[in-house]
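Novice: Let me give you the structure first, and then I'll get to my questions.
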Amino acid sequence: MSNRSTSETALKRLGFVLGLTRLGLLAETLTRAFWPVWTVLFVAAAAVMMGAQEVLPLEASWALALLVVLASGWFLARGLSEVQLPSREDAITRLDSTLPGRPIQALRDSPAIGDGDAGSQALWRAHQTRMAGRTAGAHAVAPDLKLARLDPFGLRYTATLLLLIGLLFGSFARVGNIADIASGGGTALAAGPTWEGWIEPPSYTGKPALYLNDQPEGALVIPVGSRILLRLYGEVGALTVAETVSGRTGEVPSAAEPEQSFEVTQDGALEIAGPGGAKWDVALLLDTPPEIAISGQADTSARGEMTLGFEAFDDYEVFGGQARITLDLASVERRFGLTPSPDARDPIFVPLPLPIAGDRSSFEEILIEDFSKHVWAHLPVTVTLSAQDAAGQSGQSIELPITLPARRFFDPLASAVIELRRDLLWSKDNAVRVSQLMRAVSHRPVDGIFKRETDYLRLRTILRRLEAYKAYGLNVEKQEELAEALWELALNLEDGDLGNALERLQQAQERLAEAMKNGASDAEIERLMQELREATDDYMRELARRNQQEGEQSGDQQQAENSMQMNQDDLQRMMDRIQELMEQGRMAEAQQALEELQRMLENMQVTHGQGQGNEGDQTMQGLADTLRDQQGLSDEAFRDLQEQFNPNAQAGQSGENQGLSGGEGRGTAHDGNGGSGDGEGESDSEQGQGEAGEQGEETGDGGDMGLGDRQQALRQELDRQMRNLPGQGSPEGDAARESLGRAGEAMDGAEDALRQEDLATAIDRQAEAMEALREGMRELGEAMAQDQQQGSQGNAQTQGANRDPLGRSQGNRGAAGTDDGLLQGEDVYRQARRLLDEIRRRAGEADRPDIERNYLERLLDRF
């Protein structure tokens with residue numbers, strides 16, 4: 001191939017790249033020649049869109065327009081004179097300058113010497129081939145559009161910014177005024193009046209304000225309640241406003257008022273009469289009232305709160321709402337304490353919850369409210385929901401008849417107290433009936449009705465206050481005061497503080513059994529089952545501690561083999577089964593399973609594990625003793641407070657106070673009539689001897705110590721016990737220390753109150769101390785159980801030795817114990833029945849191998 005053909009082939013391949021480079025050179029030439037032209041035009045367009053021609057005198061507008069035309073023409077002519085269209089050679093030169101070694105120029109060159117020398121020709125061809133290879137990767141050269149050298153002040157950027165401002169804040173409609181100015185039609189407008197107007201929709205609509213000058217004449221749709229603001233310029237009276245959209249009556253401002261503002265309330269016409277005026281037919285976009293509806297039925301949470309779902313809609317947003325609850329007196333079963341006419345009570349109004357963030361035009365929410373303390377609790381009521389929008393319009397739901405959800409009390413005595421409270425709030429005429437029933441309930445406290453003496457004393461105190469108020473007239477304030485006291489008493493009876501684990505377990509079982517009979521809700525069942533689980537855990541820890549102290553765990557092997565052993569997992573599965581039966585509605589089976597669990601807990605030997613050491617048991621026992629001593633001290637403080645409240649009745653009430661043996665270390669025996677509450681009982685001297693003996697037994701050698709000193713001693717004992725708490729470093733152990741610290745602080749407050757003889761405050765602080773002590777003991781037990789679980793994991797290999805080579809338990813002929821659960825999700829007797837039936841069926845099949853049938857027959861003989 002000749003040198004000439006190589007050069008032409010390479011340049012032909014660069015045709016497209018050279019074309020793009022040539023266009024870039026043309027862009028550079030046009031930009032540098034005509035940038036002043038579009039800079040002037042950008043400034044002029046921005047001024048027109050911002051309305052400069054409307055505010056400047058006509059002469060100034062003409063002068064500026066002429067200046068723009070002359071400047072644009074001069075810059076255009078200068079640019080045309082400077083424009084030179086780039087040639088192909090210019091493109092080759094630009095492209096070649098960007099390549100290393102200028103290969104394009106090398107391809108177009110020819111050798112000056114060596115035409116007849118073959119070696120020189122071969123060398124030149126090799127050089128041409130290398131240059132052609134360099135051109136293969138050539139790309140079009142980008143144009144250089146930088147004008148900093150020609151525009152050092154950045155005028156082009158200023159013009160672009162002004163144009164953007166005109167586009168954002170100006171109006172294209174003003175561009176049409178240029179034709180009026182050019183034809184002379186704008187003379188009268190420039191010299192005469194002008195006007196401006198704005199339409200501001202209500203803020204709750206979320207719609208933007210409108211510039212009335214930009215709105216075309218004719219139909220105009222705006223939201224109801226919008227406000228129109230008009231400003232008339234020029235000579236007063238040249239422009240007037242005529243409108244029928246505001247519906248204004250009475251004293252109306254002049255139609256030629258320079259500034260006018262009114263609210264649109266109806267459809268009508270709006271006209272600005274005069275030179276340059278306009279007219280619109282206004283139609284209102286109506287605001288529809290909100291809608292609200294109840295979704296689902298009213299439910300009761302585990303804590304007795306009512307949960308009621310609802311949904312609301314509005315074209316803009318729901319501003320607020322409320323629920324109205326009224327008594328359905330016609331549906332009330334009027335008997336017992338509900339027989340009298342009820343006292344007048346206003347309906348219950350509860351604000352509805354609204355979304356904190358998000359769209360309020362359509363949403364779903366849940367109303368959660370606790371009506372347990374209201375007199376209408378568990379009575380027929382009607383619920384009506386209403387919603388309001390920002391315009392003041394409201395919408396209501398249909399009335400929903402329900403039984404007002406509230407907390408249920410499963411303790412029989414607590415339920416009776418709540419019913420007495422309801423009767424007292426229902427009507428003041430029930431005061432006599434309530435006092436008689438309270439006397440009947442507290443007539444014989446020694447029969448086991450009251451589990452604690454303080455509960456009995458509180459009931460008798462409320463009874464005396466009721467009878468005193470009844471004698472002098474029972475007003476609303478006293479009625480509410482007694483109702484609050486009865487409520488606190490019922491809560492204490494229902495959730496009473498039991499220091500003994502077995503009593504707490506029995507109470508949890510009784511409440512669960514009562515819930516089965518009364519058809520409790522799923523939430524209440526779940527709460528009572530959780531309470532039963534916690535009480536069972538406490539009972540198991542107490543049994544394990546006693547077994548270890550009495551040496552039962554180190555008994556002989558025969559006793560261990562004959563005793564039934566259960567761990568916490570077994571009990572957990574049994575309680576899960578009970579809850580499952582209750583949720584399925586199989587209450588008879590659940591009741592039977594609960595009774596079986598109760599018998600097992602009373603008679604079994606609990607295997608609580610080997611990880612629980614003596615130190616932890618001693619700590620738990622010490623904390624339990626501290627809790628019991630604190631309970632006894634609180635009971636004694638309450639008795640002193642009761643005597644302060646009614647000192648004249650001390651002699652007459654000795655039988656009441658001594659009739660219930662609930663204090664620690666009570667050494668005085670009483671007969672059955674000691675708690676009759678009728679004022680007949682021990683004499684003053686006998687009562688004083690009983691109290692002194694009781695205090696002496698409770699305090700031991702410190703019988704002459706005051707309540708404050710005894711409280712201080714308990715606080716010091718708690719400090720000593722906290723120094724040796726197990727589980728340090730674990731979350732449960734740290735939580736136990738924090739709870740016991742709160743108990744110590746509450747004891748300090750109780751001590752200060754006792755020394756100041758403020759018994760009411762002291763009792764409150766003592767209650768806080770006992771609650772914190774119980775919480776600390778529970779958390780400490782969890783920490784110890786976790787330590788035990790970690791220790792049991794290390795014995796996994798030892799337990800594996802009790803299994804056969806296939807990993808199965810060796811049963812009764814192997815190890816004495818097993819880590820399998822006692823129950824596996826279903827009733828053990830039904831499971832055993834199904835297994836025996838299956839074995840019999842397979843043993844009766846003649847087609848089975850003899851060796852298998854012999855094995856099945858041996859199983860039947862064994863079981």
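Each chain in the structure tokens gets a letter, A, B and so on, in the order shown; residues start at 1 in every chain, and ligands are counted from 1 in the order they appear.
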When DSSP is applied to the backbone of this structure, which of range 201-355 of chain A are assigned strand (DSSP E)? Write them out as a ChimeraX atom specification.

Specialist: /A:210-211,218-223,227-232,240-243,259-263,268-273,278-285,291-300,305-313,318-327,348-351

Novice: Between CA of Ala219 in chain A and CA of Gly268 in chain A, what distance in Å does the model show, to one decimal?

Specialist: 10.4 Å

Novice: Would you kindly return, as a PyMOL selection string, each protein, DNA or RNA residue with an atom no farther than 8 Å from any atom of Ala387 in chain A, considering only C-alpha atoms and excluding same-chain residues fewer than 6 positions away?

Specialist: chain A and resi 290-292+312+318-322+394-396

Novice: Save the residues we just selected, all heavy atoms, as an mmCIF file, in the first residue's frame?

Specialist:
```cif
data_model
loop_
_atom_site.group_PDB
_atom_site.id
_atom_site.type_symbol
_atom_site.label_atom_id
_atom_site.label_comp_id
_atom_site.auth_asym_id
_atom_site.auth_seq_id
_atom_site.Cartn_x
_atom_site.Cartn_y
_atom_site.Cartn_z
ATOM 1 N N PRO A 290 -67.578 16.412 58.118
ATOM 2 C CA PRO A 290 -66.813 15.166 58.311
ATOM 3 C C PRO A 290 -67.730 13.984 58.586
ATOM 4 O O PRO A 290 -68.883 14.147 59.014
ATOM 5 C CB PRO A 290 -65.918 15.480 59.513
ATOM 6 C CG PRO A 290 -66.665 16.527 60.266
ATOM 7 C CD PRO A 290 -67.394 17.352 59.242
ATOM 8 N N GLU A 291 -67.214 12.798 58.354
ATOM 9 C CA GLU A 291 -67.927 11.561 58.629
ATOM 10 C C GLU A 291 -67.101 10.732 59.608
ATOM 11 O O GLU A 291 -65.874 10.700 59.529
ATOM 12 C CB GLU A 291 -68.152 10.756 57.343
ATOM 13 C CG GLU A 291 -68.970 11.494 56.300
ATOM 14 C CD GLU A 291 -69.158 10.669 55.042
ATOM 15 O OE1 GLU A 291 -68.756 9.481 55.065
ATOM 16 O OE2 GLU A 291 -69.686 11.207 54.048
ATOM 17 N N ILE A 292 -67.796 10.060 60.512
ATOM 18 C CA ILE A 292 -67.131 9.217 61.500
ATOM 19 C C ILE A 292 -67.990 7.995 61.729
ATOM 20 O O ILE A 292 -69.231 8.079 61.705
ATOM 21 C CB ILE A 292 -66.879 9.987 62.827
ATOM 22 C CG1 ILE A 292 -66.003 9.177 63.755
ATOM 23 C CG2 ILE A 292 -68.178 10.392 63.485
ATOM 24 C CD1 ILE A 292 -65.514 9.940 64.968
ATOM 25 N N ALA A 312 -62.533 8.010 60.532
ATOM 26 C CA ALA A 312 -63.075 9.339 60.242
ATOM 27 C C ALA A 312 -62.607 9.775 58.854
ATOM 28 O O ALA A 312 -61.520 9.398 58.397
ATOM 29 C CB ALA A 312 -62.632 10.351 61.300
ATOM 30 N N VAL A 318 -59.842 16.396 59.634
ATOM 31 C CA VAL A 318 -60.641 16.357 60.859
ATOM 32 C C VAL A 318 -59.900 17.147 61.923
ATOM 33 O O VAL A 318 -58.733 16.874 62.220
ATOM 34 C CB VAL A 318 -60.879 14.902 61.304
ATOM 35 C CG1 VAL A 318 -61.632 14.880 62.628
ATOM 36 C CG2 VAL A 318 -61.659 14.149 60.238
ATOM 37 N N PHE A 319 -60.577 18.138 62.494
ATOM 38 C CA PHE A 319 -59.937 19.042 63.448
ATOM 39 C C PHE A 319 -60.024 18.525 64.878
ATOM 40 O O PHE A 319 -59.152 18.795 65.692
ATOM 41 C CB PHE A 319 -60.586 20.422 63.346
ATOM 42 C CG PHE A 319 -59.919 21.465 64.181
ATOM 43 C CD1 PHE A 319 -58.700 21.998 63.809
ATOM 44 C CD2 PHE A 319 -60.504 21.916 65.358
ATOM 45 C CE1 PHE A 319 -58.081 22.958 64.587
ATOM 46 C CE2 PHE A 319 -59.888 22.879 66.142
ATOM 47 C CZ PHE A 319 -58.679 23.403 65.746
ATOM 48 N N GLY A 320 -61.060 17.786 65.201
ATOM 49 C CA GLY A 320 -61.235 17.265 66.555
ATOM 50 C C GLY A 320 -62.419 16.337 66.613
ATOM 51 O O GLY A 320 -63.146 16.136 65.632
ATOM 52 N N GLY A 321 -62.626 15.731 67.780
ATOM 53 C CA GLY A 321 -63.747 14.821 67.951
ATOM 54 C C GLY A 321 -63.893 14.422 69.399
ATOM 55 O O GLY A 321 -62.989 14.640 70.217
ATOM 56 N N GLN A 322 -65.011 13.836 69.726
ATOM 57 C CA GLN A 322 -65.249 13.377 71.079
ATOM 58 C C GLN A 322 -66.244 12.230 71.075
ATOM 59 O O GLN A 322 -67.015 12.051 70.127
ATOM 60 C CB GLN A 322 -65.763 14.511 71.975
ATOM 61 C CG GLN A 322 -67.124 15.037 71.581
ATOM 62 C CD GLN A 322 -67.601 16.141 72.509
ATOM 63 O OE1 GLN A 322 -66.905 16.573 73.409
ATOM 64 N NE2 GLN A 322 -68.824 16.608 72.290
ATOM 65 N N SER A 394 -69.727 19.446 61.896
ATOM 66 C CA SER A 394 -69.578 18.223 62.673
ATOM 67 C C SER A 394 -70.404 17.115 62.054
ATOM 68 O O SER A 394 -71.395 17.351 61.362
ATOM 69 C CB SER A 394 -70.006 18.437 64.136
ATOM 70 O OG SER A 394 -71.379 18.771 64.193
ATOM 71 N N GLY A 395 -69.965 15.909 62.304
ATOM 72 C CA GLY A 395 -70.678 14.711 61.882
ATOM 73 C C GLY A 395 -70.688 13.706 63.009
ATOM 74 O O GLY A 395 -69.758 13.659 63.825
ATOM 75 N N GLN A 396 -71.727 12.906 63.090
ATOM 76 C CA GLN A 396 -71.885 11.955 64.186
ATOM 77 C C GLN A 396 -72.038 10.546 63.644
ATOM 78 O O GLN A 396 -72.495 10.332 62.517
ATOM 79 C CB GLN A 396 -73.106 12.311 65.047
ATOM 80 C CG GLN A 396 -72.947 13.551 65.882
ATOM 81 C CD GLN A 396 -74.106 13.753 66.847
ATOM 82 O OE1 GLN A 396 -75.125 13.093 66.731
ATOM 83 N NE2 GLN A 396 -73.946 14.655 67.792
#
```

Novice: Which value, in Å to one decimal, gives the distance between CA of Glu595 in chain A and CA of Gln509 in chain A?

Specialist: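 Rounded to one decimal, the two atoms are 8.8 Å apart.
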
Novice: How far is it from CA of Thr339 in chain A to CA of Ala377 in chain A, in Å with one decimal?

Specialist: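 Those two atoms sit 16.5 Å apart.
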
Novice: May I have the residues within 9 Å of Asn518 in chain A as a list of chain:residue names, using only C-alpha atoms and disregarding those fewer than 4 positions away in the same chain?

Specialist: A:Phe410, A:Ala513, A:Glu514

Novice: Store the residues picked out above in a file with C-alpha atoms, as a PDB file, in the first residue's frame.

Specialist:
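Saved as out.pdb:
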```pdb
ATOM      1  CA  PHE A 410     -62.476 -11.803  90.784  1.00  0.00           C
ATOM      2  CA  ALA A 513     -61.211 -20.238  88.789  1.00  0.00           C
ATOM      3  CA  GLU A 514     -63.583 -17.331  89.402  1.00  0.00           C
TER       4      GLU A 514
END
```

Novice: Excluding same-chain residues fewer than 3 positions from range 732-735 of chain A, what lies within 12 Å of it counting only C-alpha atoms, as a PyMOL selection string?

Specialist: chain A and resi 616+722+724-729+738-742+772-773+775-787

Novice: Hey, which of A:Arg444, A:Val375, A:Arg858, A:Glu510 ends up closest to Gln479 in chain A? Count only C-alpha atoms.

Specialist: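 Comparing A:Arg444, A:Val375, A:Arg858, A:Glu510 against Gln479 in chain A, the winner is A:Val375.
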
Novice: Using only C-alpha atoms for the distances, tell me which of A:Ala138, A:His378, A:Pro731, A:Ile525 is nearest to Phe16 in chain A.

Specialist: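 Closest candidate: A:Ala138.
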
Novice: Excluding Arg102 in chain A and residues on its chain fewer than 4 positions from it, collect all residues at most 12 Å away from it, counting only C-alpha atoms, and give them as a count of residues only.

Specialist: 18
